[in-house]
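Below is one structure; the comments refer to it alone.
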Amino acid sequence: MKIASVEQFFPRHRTRLVKITTDTGLDGWGETTLEGKPESVGGAVRELADYLVGKDPLRIEHHWQHMYRSAFFRGGAILMTAISGVDQALWDIAGKHYGVPVYKLLGGAVRDRIRVYAHWGIGNLSDETQAASRERLDMLLKRGYTAFKTGPGGKWRGHEPPAVIDEFVECTYLMREWVGPDVELAFDFHGKMTPALAIEICHEIKDMRPMFVEEPVPQENVDALKLVSDHVTFPIATGERLLSRWEFRQVFEKQAAAYIQPDGSHAGGITELKKIANMAEVYYIHVLPHCAIGPVAFTSCMHVDAVIPNFLAQEQVDWALGGDILRENWKVVDGHIELPEKPGLGIEIDEQAISERAPYREELGGEHFYDTDGSVADW
Ligand SMILES: [Mg+2]
């Protein structure tokens, strides 16, 4: 069996796909969504395709090594996202070839179902926002979710007046009041705080018992992250922008975070996500794979979630369950998704629908992330 073609699709916002077809007619799908860099990652996949066509698709580790190491310059979000999508598609092919779900090729499941958490929060204290928030919470609770994540919206400067901090803090306590003590609540700071401001806000919210605070500071400086972790009494999480084991190494060795959140479509695919999780296990660090993109990335994460003992919960945005991309959507029951049963990733892409659609045009630019004085703010 040899790889015959590598095609790409960009059917919707935050869902860019790669399809690898073999000369025996088997195909595999992967997701290469990279927000803000749609054309660049498309170019990287085209370059990898030159190498892949004509190769045996079942030599997944060998191809990963080639894609990562052979061009001398390695790593970076664009190449790692391209490798991730190709890696997922190769695993999909392997599962279909051997007639088993991917997780069975990764060592077999250590759990029977995957716990997922949804995005929910109270953005501000206005009556209108609270009513909409209540409505969404009721919908999610009916499906049994037991963990939610939100974050402080808007742009944050190096420091903010008490009114800005207090509104966010009050929202977190109101969330706890609404859900009670049996539900876990997490907060994503999106790496837009300084260490000092992050520590200040974490101290203010600690009595509502957060599950974790995510990316309190940007990802480049592990010592700054450790500074926050050392001053906060509840778990700190990071990792959606860290790529491969090598970028996680210092987080582990310095014990700079309690939880990690590698992204299955950025950190190196199914192959690398499992290795990162296994490495984290040594440090008693648990894994909540990041996924704020489409259903192929989400499904790929679930196969790794199935086989790693140090898994905590899987992030899931609404359209990751399938939206109009999958023929059959994943179902959340009792806050969990049953393990995939079909061979490969276990999904069927509605290929006709995505082929007929005009490629999605991602809006670039980003001037709305400027601060009031015209300087660049973090997202
Ligand atoms: Mg995040």
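Identifiers in the structure tokens: chain A, B, ... in order shown; residue index from 1 per chain; ligand index from 1 in order shown.
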For this session: Residues within 9 Å of ligand 1 should be enumerated using only C-alpha atoms and all ligand atoms and returned as a list in words.
Result: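 Checking only C-alpha atoms and all ligand atoms against ligand 1 at 9 Å gives Gly151, Phe187, Asp188, Phe189, His190, Gly191, Glu214, Glu215, Thr238, Gly239, Glu240, Arg241, Gln261, His290, Cys291 and Ala292 of chain A.
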Problem set entry | Near-Glu47 in chain A list (10 Å; only C-alpha atoms; drop same-chain fewer than 6 positions) as a PyMOL selection string | chain A and resi 41+67+79+82
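In this structure, CA of Ala237 in chain A sits 5.5 Å away from CA of Ala257 in chain A.
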For this session: Counting only C-alpha atoms, figure out which residue out of A:Leu34, A:Leu125, A:Ile260, A:Ile20 gets nearest to Val53 in chain A.
Result: A:Ile20
For this session: Based on DSSP run over this structure's backbone, return all residues of range 18-247 of chain A in strand (DSSP E or B), as a VMD selection string.
Result: chain A and resid 18 to 22 27 to 31 101 113 to 119 147 to 150 184 to 188 212 to 214 236 to 238
Output file for the selection above: N, CA and C atoms, as an mmCIF file, in the first residue's frame:
```cif
data_model
loop_
_atom_site.group_PDB
_atom_site.id
_atom_site.type_symbol
_atom_site.label_atom_id
_atom_site.label_comp_id
_atom_site.auth_asym_id
_atom_site.auth_seq_id
_atom_site.Cartn_x
_atom_site.Cartn_y
_atom_site.Cartn_z
ATOM 1 N N VAL A 18 -6.905 17.783 6.058
ATOM 2 C CA VAL A 18 -6.055 17.142 5.063
ATOM 3 C C VAL A 18 -6.574 15.709 4.875
ATOM 4 N N LYS A 19 -6.626 15.290 3.618
ATOM 5 C CA LYS A 19 -7.084 13.935 3.304
ATOM 6 C C LYS A 19 -5.958 13.218 2.559
ATOM 7 N N ILE A 20 -5.546 12.070 3.094
ATOM 8 C CA ILE A 20 -4.506 11.265 2.440
ATOM 9 C C ILE A 20 -5.165 10.004 1.890
ATOM 10 N N THR A 21 -4.978 9.765 0.594
ATOM 11 C CA THR A 21 -5.590 8.590 -0.045
ATOM 12 C C THR A 21 -4.480 7.642 -0.500
ATOM 13 N N THR A 22 -4.739 6.331 -0.364
ATOM 14 C CA THR A 22 -3.742 5.335 -0.775
ATOM 15 C C THR A 22 -4.128 4.715 -2.113
ATOM 16 N N ASP A 27 -8.604 5.851 2.763
ATOM 17 C CA ASP A 27 -8.223 7.240 2.988
ATOM 18 C C ASP A 27 -8.214 7.558 4.484
ATOM 19 N N GLY A 28 -7.476 8.601 4.826
ATOM 20 C CA GLY A 28 -7.393 9.035 6.215
ATOM 21 C C GLY A 28 -7.483 10.552 6.271
ATOM 22 N N TRP A 29 -8.060 11.043 7.384
ATOM 23 C CA TRP A 29 -8.269 12.489 7.529
ATOM 24 C C TRP A 29 -7.509 13.020 8.742
ATOM 25 N N GLY A 30 -7.007 14.239 8.581
ATOM 26 C CA GLY A 30 -6.361 14.919 9.694
ATOM 27 C C GLY A 30 -6.785 16.378 9.685
ATOM 28 N N GLU A 31 -6.515 17.080 10.803
ATOM 29 C CA GLU A 31 -6.905 18.494 10.877
ATOM 30 C C GLU A 31 -5.671 19.367 11.045
ATOM 31 N N PRO A 101 -10.174 0.620 15.930
ATOM 32 C CA PRO A 101 -10.027 2.040 16.274
ATOM 33 C C PRO A 101 -8.568 2.349 16.603
ATOM 34 N N ARG A 113 -14.872 5.601 28.704
ATOM 35 C CA ARG A 113 -15.470 6.769 28.055
ATOM 36 C C ARG A 113 -14.623 7.991 28.367
ATOM 37 N N ILE A 114 -14.840 9.040 27.587
ATOM 38 C CA ILE A 114 -13.995 10.229 27.676
ATOM 39 C C ILE A 114 -14.789 11.371 28.315
ATOM 40 N N ARG A 115 -14.253 11.891 29.418
ATOM 41 C CA ARG A 115 -14.910 13.044 30.056
ATOM 42 C C ARG A 115 -14.560 14.308 29.271
ATOM 43 N N VAL A 116 -15.574 15.080 28.939
ATOM 44 C CA VAL A 116 -15.344 16.321 28.194
ATOM 45 C C VAL A 116 -15.783 17.518 29.028
ATOM 46 N N TYR A 117 -15.147 18.658 28.765
ATOM 47 C CA TYR A 117 -15.639 19.888 29.407
ATOM 48 C C TYR A 117 -16.003 20.911 28.345
ATOM 49 N N ALA A 118 -17.002 21.718 28.662
ATOM 50 C CA ALA A 118 -17.544 22.670 27.685
ATOM 51 C C ALA A 118 -17.163 24.098 28.058
ATOM 52 N N HIS A 119 -17.316 24.979 27.097
ATOM 53 C CA HIS A 119 -17.068 26.398 27.358
ATOM 54 C C HIS A 119 -18.359 27.034 27.878
ATOM 55 N N ALA A 147 -17.875 19.949 34.083
ATOM 56 C CA ALA A 147 -16.755 20.907 34.121
ATOM 57 C C ALA A 147 -16.941 21.923 33.004
ATOM 58 N N PHE A 148 -16.638 23.176 33.332
ATOM 59 C CA PHE A 148 -16.780 24.271 32.363
ATOM 60 C C PHE A 148 -15.560 25.179 32.431
ATOM 61 N N LYS A 149 -15.327 25.868 31.312
ATOM 62 C CA LYS A 149 -14.200 26.822 31.289
ATOM 63 C C LYS A 149 -14.633 28.133 30.642
ATOM 64 N N THR A 150 -14.121 29.212 31.175
ATOM 65 C CA THR A 150 -14.332 30.530 30.581
ATOM 66 C C THR A 150 -13.078 31.356 30.907
ATOM 67 N N GLU A 184 -16.836 21.432 38.279
ATOM 68 C CA GLU A 184 -15.512 22.078 38.259
ATOM 69 C C GLU A 184 -15.507 23.256 37.284
ATOM 70 N N LEU A 185 -14.871 24.340 37.706
ATOM 71 C CA LEU A 185 -14.828 25.563 36.905
ATOM 72 C C LEU A 185 -13.388 25.993 36.682
ATOM 73 N N ALA A 186 -13.054 26.240 35.421
ATOM 74 C CA ALA A 186 -11.687 26.620 35.073
ATOM 75 C C ALA A 186 -11.696 27.959 34.347
ATOM 76 N N PHE A 187 -10.540 28.650 34.392
ATOM 77 C CA PHE A 187 -10.467 29.999 33.820
ATOM 78 C C PHE A 187 -9.222 30.146 32.962
ATOM 79 N N ASP A 188 -9.442 30.538 31.715
ATOM 80 C CA ASP A 188 -8.349 30.689 30.756
ATOM 81 C C ASP A 188 -7.975 32.167 30.669
ATOM 82 N N PHE A 212 -8.668 25.029 37.672
ATOM 83 C CA PHE A 212 -7.337 25.506 37.298
ATOM 84 C C PHE A 212 -7.462 26.870 36.637
ATOM 85 N N VAL A 213 -6.342 27.585 36.582
ATOM 86 C CA VAL A 213 -6.226 28.756 35.721
ATOM 87 C C VAL A 213 -5.243 28.401 34.616
ATOM 88 N N GLU A 214 -5.648 28.707 33.389
ATOM 89 C CA GLU A 214 -4.884 28.310 32.200
ATOM 90 C C GLU A 214 -4.111 29.501 31.642
ATOM 91 N N ILE A 236 -2.305 25.289 38.204
ATOM 92 C CA ILE A 236 -2.077 26.136 37.034
ATOM 93 C C ILE A 236 -1.852 25.207 35.839
ATOM 94 N N ALA A 237 -2.426 25.585 34.696
ATOM 95 C CA ALA A 237 -2.312 24.751 33.485
ATOM 96 C C ALA A 237 -1.693 25.569 32.357
ATOM 97 N N THR A 238 -1.041 24.882 31.436
ATOM 98 C CA THR A 238 -0.503 25.566 30.259
ATOM 99 C C THR A 238 -0.239 24.546 29.155
#
```
